[in-house]
$ cat query.cif   # mmCIF, C-alpha atoms and all ligand atoms
data_my_file
#
loop_
_atom_site.label_atom_id
_atom_site.label_comp_id
_atom_site.auth_asym_id
_atom_site.auth_seq_id
_atom_site.Cartn_x
_atom_site.Cartn_y
_atom_site.Cartn_z
CA MET A 178 -78.90 -91.81 32.50
CA GLY A 179 -79.60 -89.72 29.42
CA SER A 180 -83.10 -88.61 28.51
CA ASN A 181 -84.47 -92.16 28.10
CA PRO A 182 -87.03 -93.23 30.62
CA GLN A 183 -85.30 -95.60 32.97
CA LEU A 184 -85.14 -99.12 31.61
CA ARG A 185 -86.38 -101.72 34.05
CA ILE A 186 -86.43 -105.39 33.22
CA LEU A 187 -88.62 -107.42 35.59
CA GLY A 188 -87.98 -104.80 38.26
CA SER A 189 -84.21 -104.43 37.81
CA ARG A 190 -82.59 -101.30 36.42
CA VAL A 191 -80.40 -101.53 33.35
CA ASP A 192 -78.50 -98.48 32.12
CA PRO A 193 -78.74 -97.69 28.40
CA VAL A 194 -74.98 -97.65 27.84
CA ASP A 195 -72.78 -98.96 25.05
CA MET A 196 -69.18 -100.06 25.55
CA SER A 197 -67.83 -96.57 25.10
CA THR A 198 -70.25 -94.76 27.45
CA ALA A 199 -69.90 -97.53 30.04
CA THR A 200 -66.12 -97.07 29.99
CA ASP A 201 -66.51 -93.29 30.29
CA ARG A 202 -68.82 -93.72 33.26
CA ILE A 203 -66.30 -96.03 34.95
CA ALA A 204 -63.58 -93.41 34.43
CA GLN A 205 -65.83 -90.80 36.05
CA LEU A 206 -66.59 -93.08 38.99
CA LEU A 207 -62.88 -93.77 39.50
CA ALA A 208 -62.17 -90.03 39.53
CA GLN A 209 -64.62 -89.69 42.43
CA ARG A 210 -62.45 -91.92 44.62
CA ARG A 211 -65.29 -93.51 46.52
CA PHE A 212 -66.75 -96.99 46.78
CA ALA A 213 -68.62 -97.71 43.56
CA GLN A 214 -70.30 -100.79 42.17
CA VAL A 215 -70.74 -101.92 38.58
CA VAL A 216 -73.10 -104.79 37.77
CA THR A 217 -72.74 -106.79 34.54
CA PHE A 218 -76.37 -107.77 34.27
CA GLY A 219 -77.70 -110.90 32.56
CA SER A 220 -81.03 -112.64 32.11
CA GLU A 221 -80.35 -115.24 34.81
CA MET A 222 -79.64 -112.38 37.22
CA ALA A 223 -82.92 -110.71 36.24
CA MET A 224 -84.77 -113.90 37.09
CA HIS A 225 -83.01 -114.13 40.43
CA ALA A 226 -83.54 -110.44 41.26
CA ARG A 227 -87.24 -110.80 40.55
CA ARG A 228 -87.58 -113.09 43.53
CA ASP A 229 -84.88 -111.71 45.81
CA ALA A 230 -85.68 -108.17 46.90
CA ALA A 231 -82.37 -107.67 48.70
CA TYR A 232 -80.46 -108.60 45.54
CA ARG A 233 -82.72 -106.40 43.41
CA ASP A 234 -82.07 -103.46 45.75
CA VAL A 235 -78.30 -103.94 45.37
CA VAL A 236 -78.60 -104.01 41.56
CA ASN A 237 -80.86 -100.98 41.50
CA ALA A 238 -78.55 -99.04 43.82
CA ALA A 239 -75.41 -99.82 41.79
CA ASP A 240 -73.54 -96.98 40.13
CA LEU A 241 -73.71 -98.65 36.75
CA VAL A 242 -75.67 -101.66 35.45
CA VAL A 243 -74.52 -102.79 32.00
CA PRO A 244 -76.44 -105.14 29.65
CA ASP A 245 -74.10 -108.16 29.76
CA THR A 246 -76.13 -110.73 27.84
CA ILE A 247 -77.98 -110.94 24.56
CA GLY A 248 -81.18 -111.79 26.47
CA VAL A 249 -81.09 -108.39 28.15
CA VAL A 250 -80.56 -106.70 24.76
CA TYR A 251 -83.59 -108.53 23.30
CA ALA A 252 -85.66 -107.74 26.39
CA ALA A 253 -84.91 -104.02 26.07
CA ARG A 254 -85.98 -104.11 22.42
CA LEU A 255 -89.23 -105.87 23.31
CA LEU A 256 -89.87 -103.25 25.98
CA GLY A 257 -89.54 -100.49 23.40
CA GLN A 258 -86.26 -99.15 24.78
CA PRO A 259 -83.63 -100.66 22.49
CA LEU A 260 -80.02 -100.62 23.58
CA ARG A 261 -77.18 -99.80 21.21
CA GLU A 262 -75.26 -102.97 21.97
CA ARG A 263 -74.47 -105.69 24.42
CA VAL A 264 -71.75 -104.67 26.89
CA ALA A 265 -70.18 -108.05 27.66
CA GLY A 266 -68.39 -108.10 31.00
CA ILE A 267 -65.49 -110.00 29.48
CA GLU A 268 -64.93 -107.15 26.98
CA LEU A 269 -65.55 -104.42 29.54
CA ILE A 270 -62.71 -105.89 31.62
CA GLU A 271 -60.28 -105.26 28.74
CA ARG A 272 -61.45 -101.62 28.51
CA VAL A 273 -61.02 -101.19 32.24
CA CYS A 274 -57.53 -102.69 32.05
CA GLU A 275 -56.62 -100.27 29.25
CA LEU A 276 -57.91 -97.37 31.31
CA CYS A 277 -56.10 -98.49 34.46
CA ALA A 278 -52.81 -99.08 32.62
CA ARG A 279 -53.01 -95.60 31.10
CA GLU A 280 -53.98 -93.87 34.36
CA HIS A 281 -51.63 -95.90 36.59
CA MET A 282 -54.43 -97.36 38.67
CA SER A 283 -54.02 -100.91 39.93
CA ILE A 284 -56.48 -103.79 39.90
CA PHE A 285 -57.18 -106.60 42.37
CA LEU A 286 -58.53 -109.93 41.10
CA LEU A 287 -60.80 -111.79 43.51
CA GLY A 288 -62.42 -115.12 42.76
CA GLY A 289 -62.14 -118.35 40.86
CA ALA A 290 -60.51 -121.59 41.93
CA PRO A 291 -57.09 -121.37 43.62
CA GLY A 292 -54.44 -120.30 41.10
CA VAL A 293 -56.84 -119.06 38.41
CA ALA A 294 -56.66 -115.36 39.34
CA ALA A 295 -52.85 -115.41 39.29
CA ILE A 296 -52.83 -116.86 35.76
CA ALA A 297 -55.45 -114.33 34.66
CA ALA A 298 -53.25 -111.58 36.16
CA ASP A 299 -50.31 -112.67 34.00
CA VAL A 300 -52.51 -112.75 30.90
CA LEU A 301 -53.91 -109.27 31.58
CA ARG A 302 -50.43 -107.86 32.27
CA SER A 303 -49.17 -109.32 29.01
CA ARG A 304 -52.06 -107.75 27.08
CA HIS A 305 -51.86 -104.31 28.67
CA ALA A 306 -48.40 -102.84 28.94
CA GLY A 307 -47.84 -101.14 32.28
CA LEU A 308 -50.91 -102.67 33.92
CA GLU A 309 -50.39 -103.13 37.63
CA ILE A 310 -52.19 -106.00 39.33
CA ALA A 311 -52.21 -105.10 43.02
CA GLY A 312 -53.04 -108.64 44.16
CA CYS A 313 -55.09 -111.77 43.62
CA HIS A 314 -57.10 -114.10 45.80
CA ASP A 315 -59.18 -117.15 44.99
CA GLY A 316 -62.91 -117.16 45.67
CA TYR A 317 -63.00 -120.11 48.02
CA PHE A 318 -62.24 -118.47 51.36
CA SER A 319 -64.11 -119.25 54.57
CA GLN A 320 -65.98 -116.75 56.68
CA ALA A 321 -63.09 -116.90 59.15
CA GLN A 322 -60.66 -115.92 56.38
CA GLU A 323 -62.85 -113.12 55.08
CA PRO A 324 -61.48 -110.28 57.28
CA ALA A 325 -57.95 -111.13 56.10
CA VAL A 326 -59.08 -111.12 52.44
CA LEU A 327 -60.73 -107.72 52.92
CA ALA A 328 -57.65 -106.34 54.67
CA THR A 329 -55.42 -107.60 51.84
CA ILE A 330 -57.57 -105.85 49.25
CA ALA A 331 -57.74 -102.60 51.24
CA ALA A 332 -53.97 -102.62 51.82
CA SER A 333 -53.18 -103.42 48.19
CA GLY A 334 -53.92 -99.90 47.02
CA ALA A 335 -56.07 -101.26 44.20
CA ARG A 336 -58.54 -98.81 42.68
CA VAL A 337 -60.55 -101.53 40.91
CA VAL A 338 -61.61 -104.91 42.29
CA LEU A 339 -62.82 -107.49 39.80
CA VAL A 340 -65.10 -109.72 41.86
CA ALA A 341 -65.48 -113.14 40.25
CA LEU A 342 -67.54 -115.00 42.85
CA GLY A 343 -70.57 -115.71 40.63
CA PHE A 344 -73.93 -114.02 41.13
CA PRO A 345 -75.68 -113.25 43.45
CA ARG A 346 -72.77 -113.58 45.82
CA GLN A 347 -70.38 -111.22 44.04
CA GLU A 348 -72.82 -108.27 44.06
CA MET A 349 -74.03 -108.91 47.62
CA TRP A 350 -70.49 -109.40 48.87
CA ALA A 351 -69.15 -106.16 47.41
CA ARG A 352 -72.06 -104.11 48.72
CA ALA A 353 -71.94 -105.71 52.18
CA HIS A 354 -68.22 -104.95 52.51
CA ALA A 355 -68.21 -101.47 50.99
CA ALA A 356 -66.86 -99.94 54.20
CA GLU A 357 -63.96 -102.40 54.58
CA LEU A 358 -63.13 -102.26 50.87
CA GLY A 359 -62.82 -98.48 50.95
CA PRO A 360 -62.73 -96.22 47.87
CA VAL A 361 -62.56 -98.93 45.22
CA LEU A 362 -64.68 -99.64 42.17
CA CYS A 363 -66.02 -103.21 42.24
CA ILE A 364 -67.17 -104.99 39.10
CA GLY A 365 -68.89 -108.37 39.35
CA ILE A 366 -67.49 -110.49 36.54
CA GLY A 367 -68.87 -114.02 37.07
CA GLY A 368 -66.72 -116.67 35.40
CA SER A 369 -64.53 -114.21 33.44
CA LEU A 370 -61.29 -115.13 35.22
CA ASP A 371 -61.80 -118.70 34.01
CA VAL A 372 -61.99 -117.41 30.44
CA ILE A 373 -59.06 -114.96 30.74
CA SER A 374 -56.86 -117.63 32.34
CA GLY A 375 -57.65 -120.01 29.47
CA ARG A 376 -59.42 -122.46 31.76
CA LEU A 377 -62.64 -121.94 29.80
CA ARG A 378 -63.04 -120.93 26.18
CA ARG A 379 -65.39 -118.23 24.97
CA ALA A 380 -67.78 -119.07 22.17
CA PRO A 381 -66.33 -118.55 18.66
CA GLY A 382 -66.96 -115.08 17.21
CA VAL A 383 -69.52 -116.32 14.71
CA LEU A 384 -71.71 -117.75 17.48
CA ARG A 385 -71.32 -114.56 19.51
CA ALA A 386 -72.35 -112.50 16.46
CA LEU A 387 -75.45 -114.66 16.12
CA GLY A 388 -76.33 -114.12 19.77
CA LEU A 389 -75.72 -117.80 20.53
CA GLU A 390 -73.00 -117.59 23.19
CA TRP A 391 -75.48 -119.05 25.70
CA LEU A 392 -75.88 -122.14 23.47
CA TYR A 393 -72.13 -122.65 23.28
CA ARG A 394 -71.88 -122.40 27.06
CA LEU A 395 -74.73 -124.87 27.44
CA VAL A 396 -73.07 -127.43 25.17
CA THR A 397 -69.58 -127.02 26.65
CA GLN A 398 -70.78 -126.74 30.27
CA PRO A 399 -73.89 -128.98 30.41
CA HIS A 400 -74.14 -128.51 34.18
CA ARG A 401 -75.46 -125.03 33.35
CA LEU A 402 -78.69 -126.51 31.98
CA GLY A 403 -80.46 -126.08 35.32
CA ARG A 404 -79.54 -122.40 35.36
CA GLN A 405 -80.47 -121.82 31.75
CA LEU A 406 -83.89 -123.39 32.13
CA VAL A 407 -85.01 -120.03 33.50
CA LEU A 408 -84.35 -118.35 30.14
CA PRO A 409 -87.62 -119.30 28.35
CA ARG A 410 -89.44 -118.08 31.44
CA PHE A 411 -87.43 -114.86 31.29
CA ALA A 412 -88.61 -114.33 27.69
CA ALA A 413 -92.23 -115.01 28.65
CA LEU A 414 -92.13 -112.66 31.62
CA VAL A 415 -90.51 -109.88 29.59
CA GLY A 416 -93.26 -110.35 26.97
CA ALA A 417 -95.84 -110.01 29.73
CA GLN A 418 -94.12 -106.88 31.03
CA ALA A 419 -94.07 -105.37 27.53
CA LEU A 420 -97.79 -106.01 27.17
CA HIS A 421 -98.51 -104.61 30.61
CA ASP A 422 -96.40 -101.50 29.95
CA ARG A 423 -98.15 -100.94 26.64
CA LEU A 424 -101.61 -101.32 28.15
CA THR A 425 -100.84 -99.01 31.05
CA GLY A 426 -98.64 -96.64 29.03
CA ASP A 427 -95.95 -97.10 31.63
CA ARG A 428 -92.44 -97.84 30.42
CA SER A 429 -90.64 -97.39 33.70
CA GLN A 430 -92.13 -100.09 35.86
CA GLY A 431 -91.11 -103.73 36.05
N1 LIG A 501 -66.65 -118.92 42.40
C1 LIG A 501 -65.85 -118.53 43.44
N2 LIG A 501 -66.23 -118.85 44.71
C2 LIG A 501 -67.37 -119.51 44.99
C3 LIG A 501 -68.21 -119.89 43.89
C4 LIG A 501 -67.83 -119.55 42.61
O1 LIG A 501 -64.81 -117.91 43.22
O2 LIG A 501 -67.67 -119.75 46.15
C5 LIG A 501 -66.23 -118.59 41.04
C6 LIG A 501 -66.11 -119.78 40.12
O3 LIG A 501 -64.84 -120.37 40.29
C7 LIG A 501 -66.31 -119.15 38.77
C8 LIG A 501 -67.24 -117.96 39.07
O4 LIG A 501 -67.20 -117.77 40.47
O5 LIG A 501 -65.07 -118.65 38.30
C9 LIG A 501 -68.69 -118.16 38.70
O6 LIG A 501 -68.77 -118.50 37.40
P1 LIG A 501 -70.15 -118.67 36.65
O7 LIG A 501 -69.83 -119.33 35.39
O8 LIG A 501 -71.18 -119.25 37.54
O9 LIG A 501 -70.54 -117.13 36.43
P2 LIG A 501 -71.30 -116.39 35.28
O10 LIG A 501 -70.23 -115.92 34.33
O11 LIG A 501 -72.29 -117.30 34.67
O12 LIG A 501 -71.94 -115.26 36.04
#

$ encode --input "query.cif" --output "structure tokens" --more "lines below"
Ligand code: UDP
Amino acid sequence: MGSNPQLRILGSRVDPVDMSTATDRIAQLLAQRRFAQVVTFGSEMAMHARRDAAYRDVVNAADLVVPDTIGVVYAARLLGQPLRERVAGIELIERVCELCAREHMSIFLLGGAPGVAAIAADVLRSRHAGLEIAGCHDGYFSQAQEPAVLATIAASGARVVLVALGFPRQEMWARAHAAELGPVLCIGIGGSLDVISGRLRRAPGVLRALGLEWLYRLVTQPHRLGRQLVLPRFAALVGAQALHDRLTGDRSQG
């Protein structure tokens, strides 16, 4: 996108978008009325993609990969390709809801524990006048139930599917079922339905402004420690990539 060399972080593509250009790109994709995939990319995902080629291929083939976490923003800066801002998935969802309400396009919410998506649907409807939620389903369905879930989504007429199954599953799942899902735009949103429904709280604004949302999540959800232990390694590997790119004069390779 744009004239920038393509930004790759440890082998995964990240698009140099801000909130406004990401929203514009989503509007364009929706106008194309085809299956499309948006990845909200974070540092933990970069560490996973580094080791999992199939996952990396799905990320790199997505129609849009937005820098969801502060770690990705810092990494881009270190690699000499600074991004304008973090495009947090939780905020992108609100933009997409605004767009859908205005353009009369409906949204399907998939994922979270039973009941969470329905509460999130009520919250989103109350925030965005005229927003149509085409349907909801929790993220704890069996393989045997999967065809019925896919049929429900396809029959719902939704133009956007917010897939909240956690990574890597949400990205792999959407790509694997592109044909059954039909001409919808899928966005992987991790735990966002938990936040929208009020089940989980987002970090206070001051911590977010300081780039410390990860710390808040670690303190309030200590079970995430195992996952977050990859973050120092992420920083070290990005530093190594920056050095390698500088020595070889190559800014496009991960
Ligand atoms: N989840 C799900 N089905 C599963 C596993 C997870 O719907 O089989 C949901 C889970 O309820 C949570 C989200 O996926 O809402 C994953 O949240 P997490 O905090 O791991 O995602 P992150 O925001 O860190 O990507």

$ closest_residue --input "query.cif" --among "A:Pro324, A:Gly334, A:Gly343, A:Gly307" --to "Phe285 in chain A" --atoms "all atoms listed in the file"
A:Gly334

$ residues_near_ligand --input "query.cif" --ligand "ligand LIG 501 (chain A)" --cutoff "7 Å" --atoms "only C-alpha atoms and all ligand atoms" --output "PyMOL selection string"
chain A and resi 288-290+315-317+341-344+366-371

$ residues_around --input "query.cif" --residues "range 382-387 of chain A" --least-positions-apart "6" --cutoff "12 Å" --atoms "all atoms listed in the file" --output "list in words"
Thr246, Ile247, Glu262, Arg263, Ala265, Tyr393 and Arg394 of chain A

$ residues_around --input "query.cif" --residues "Ala223 in chain A" --least-positions-apart "3" --cutoff "8 Å" --atoms "all atoms listed in the file" --output "count of residues only"
9

$ closest_residue --input "query.cif" --among "A:Gly188, A:His314, A:Leu206, A:Arg302" --to "Arg228 in chain A" --atoms "only C-alpha atoms"
A:Gly188

$ build_atoms --input "query.cif" --residues "range 283-294 of chain A" --atoms "all heavy atoms" --output "PDB file, in the coordinates of the input"
ATOM      1  N   SER A 283     -54.221 -99.460  39.885  1.00  0.00           N
ATOM      2  CA  SER A 283     -54.020-100.910  39.930  1.00  0.00           C
ATOM      3  C   SER A 283     -55.336-101.654  40.182  1.00  0.00           C
ATOM      4  O   SER A 283     -56.323-101.088  40.657  1.00  0.00           O
ATOM      5  CB  SER A 283     -52.960-101.278  40.947  1.00  0.00           C
ATOM      6  OG  SER A 283     -53.396-100.890  42.215  1.00  0.00           O
ATOM      7  N   ILE A 284     -55.279-102.935  39.873  1.00  0.00           N
ATOM      8  CA  ILE A 284     -56.480-103.790  39.900  1.00  0.00           C
ATOM      9  C   ILE A 284     -56.229-105.001  40.801  1.00  0.00           C
ATOM     10  O   ILE A 284     -55.145-105.591  40.768  1.00  0.00           O
ATOM     11  CB  ILE A 284     -56.805-104.291  38.468  1.00  0.00           C
ATOM     12  CG1 ILE A 284     -57.085-103.104  37.542  1.00  0.00           C
ATOM     13  CG2 ILE A 284     -57.967-105.266  38.451  1.00  0.00           C
ATOM     14  CD1 ILE A 284     -57.498-103.491  36.120  1.00  0.00           C
ATOM     15  N   PHE A 285     -57.235-105.372  41.566  1.00  0.00           N
ATOM     16  CA  PHE A 285     -57.180-106.600  42.370  1.00  0.00           C
ATOM     17  C   PHE A 285     -58.127-107.613  41.751  1.00  0.00           C
ATOM     18  O   PHE A 285     -59.236-107.270  41.374  1.00  0.00           O
ATOM     19  CB  PHE A 285     -57.611-106.299  43.820  1.00  0.00           C
ATOM     20  CG  PHE A 285     -57.233-107.382  44.792  1.00  0.00           C
ATOM     21  CD1 PHE A 285     -56.102-107.255  45.592  1.00  0.00           C
ATOM     22  CD2 PHE A 285     -58.001-108.544  44.898  1.00  0.00           C
ATOM     23  CE1 PHE A 285     -55.731-108.271  46.485  1.00  0.00           C
ATOM     24  CE2 PHE A 285     -57.628-109.561  45.776  1.00  0.00           C
ATOM     25  CZ  PHE A 285     -56.500-109.415  46.572  1.00  0.00           C
ATOM     26  N   LEU A 286     -57.677-108.863  41.663  1.00  0.00           N
ATOM     27  CA  LEU A 286     -58.530-109.930  41.100  1.00  0.00           C
ATOM     28  C   LEU A 286     -58.966-110.853  42.230  1.00  0.00           C
ATOM     29  O   LEU A 286     -58.122-111.481  42.885  1.00  0.00           O
ATOM     30  CB  LEU A 286     -57.758-110.747  40.058  1.00  0.00           C
ATOM     31  CG  LEU A 286     -57.095-109.981  38.906  1.00  0.00           C
ATOM     32  CD1 LEU A 286     -56.434-110.962  37.933  1.00  0.00           C
ATOM     33  CD2 LEU A 286     -58.105-109.115  38.166  1.00  0.00           C
ATOM     34  N   LEU A 287     -60.274-110.942  42.444  1.00  0.00           N
ATOM     35  CA  LEU A 287     -60.800-111.790  43.510  1.00  0.00           C
ATOM     36  C   LEU A 287     -61.758-112.811  42.923  1.00  0.00           C
ATOM     37  O   LEU A 287     -62.754-112.436  42.306  1.00  0.00           O
ATOM     38  CB  LEU A 287     -61.539-110.925  44.545  1.00  0.00           C
ATOM     39  CG  LEU A 287     -62.232-111.704  45.654  1.00  0.00           C
ATOM     40  CD1 LEU A 287     -61.214-112.371  46.583  1.00  0.00           C
ATOM     41  CD2 LEU A 287     -63.158-110.803  46.466  1.00  0.00           C
ATOM     42  N   GLY A 288     -61.469-114.089  43.155  1.00  0.00           N
ATOM     43  CA  GLY A 288     -62.420-115.120  42.760  1.00  0.00           C
ATOM     44  C   GLY A 288     -61.794-116.200  41.907  1.00  0.00           C
ATOM     45  O   GLY A 288     -60.620-116.128  41.542  1.00  0.00           O
ATOM     46  N   GLY A 289     -62.609-117.207  41.613  1.00  0.00           N
ATOM     47  CA  GLY A 289     -62.140-118.350  40.860  1.00  0.00           C
ATOM     48  C   GLY A 289     -61.471-119.367  41.764  1.00  0.00           C
ATOM     49  O   GLY A 289     -61.221-119.106  42.951  1.00  0.00           O
ATOM     50  N   ALA A 290     -61.177-120.519  41.181  1.00  0.00           N
ATOM     51  CA  ALA A 290     -60.510-121.590  41.930  1.00  0.00           C
ATOM     52  C   ALA A 290     -59.073-121.148  42.244  1.00  0.00           C
ATOM     53  O   ALA A 290     -58.530-120.272  41.558  1.00  0.00           O
ATOM     54  CB  ALA A 290     -60.518-122.861  41.099  1.00  0.00           C
ATOM     55  N   PRO A 291     -58.462-121.765  43.274  1.00  0.00           N
ATOM     56  CA  PRO A 291     -57.090-121.370  43.620  1.00  0.00           C
ATOM     57  C   PRO A 291     -56.172-121.411  42.394  1.00  0.00           C
ATOM     58  O   PRO A 291     -56.197-122.382  41.634  1.00  0.00           O
ATOM     59  CB  PRO A 291     -56.687-122.399  44.683  1.00  0.00           C
ATOM     60  CG  PRO A 291     -57.984-122.794  45.311  1.00  0.00           C
ATOM     61  CD  PRO A 291     -59.009-122.757  44.200  1.00  0.00           C
ATOM     62  N   GLY A 292     -55.405-120.354  42.201  1.00  0.00           N
ATOM     63  CA  GLY A 292     -54.440-120.300  41.100  1.00  0.00           C
ATOM     64  C   GLY A 292     -54.953-119.623  39.840  1.00  0.00           C
ATOM     65  O   GLY A 292     -54.173-119.105  39.042  1.00  0.00           O
ATOM     66  N   VAL A 293     -56.275-119.599  39.653  1.00  0.00           N
ATOM     67  CA  VAL A 293     -56.840-119.060  38.410  1.00  0.00           C
ATOM     68  C   VAL A 293     -56.591-117.554  38.294  1.00  0.00           C
ATOM     69  O   VAL A 293     -56.174-117.046  37.242  1.00  0.00           O
ATOM     70  CB  VAL A 293     -58.363-119.370  38.317  1.00  0.00           C
ATOM     71  CG1 VAL A 293     -59.013-118.628  37.166  1.00  0.00           C
ATOM     72  CG2 VAL A 293     -58.572-120.873  38.161  1.00  0.00           C
ATOM     73  N   ALA A 294     -56.817-116.822  39.400  1.00  0.00           N
ATOM     74  CA  ALA A 294     -56.660-115.360  39.340  1.00  0.00           C
ATOM     75  C   ALA A 294     -55.212-114.979  39.020  1.00  0.00           C
ATOM     76  O   ALA A 294     -54.968-114.020  38.280  1.00  0.00           O
ATOM     77  CB  ALA A 294     -57.109-114.725  40.656  1.00  0.00           C
TER      78      ALA A 294
END
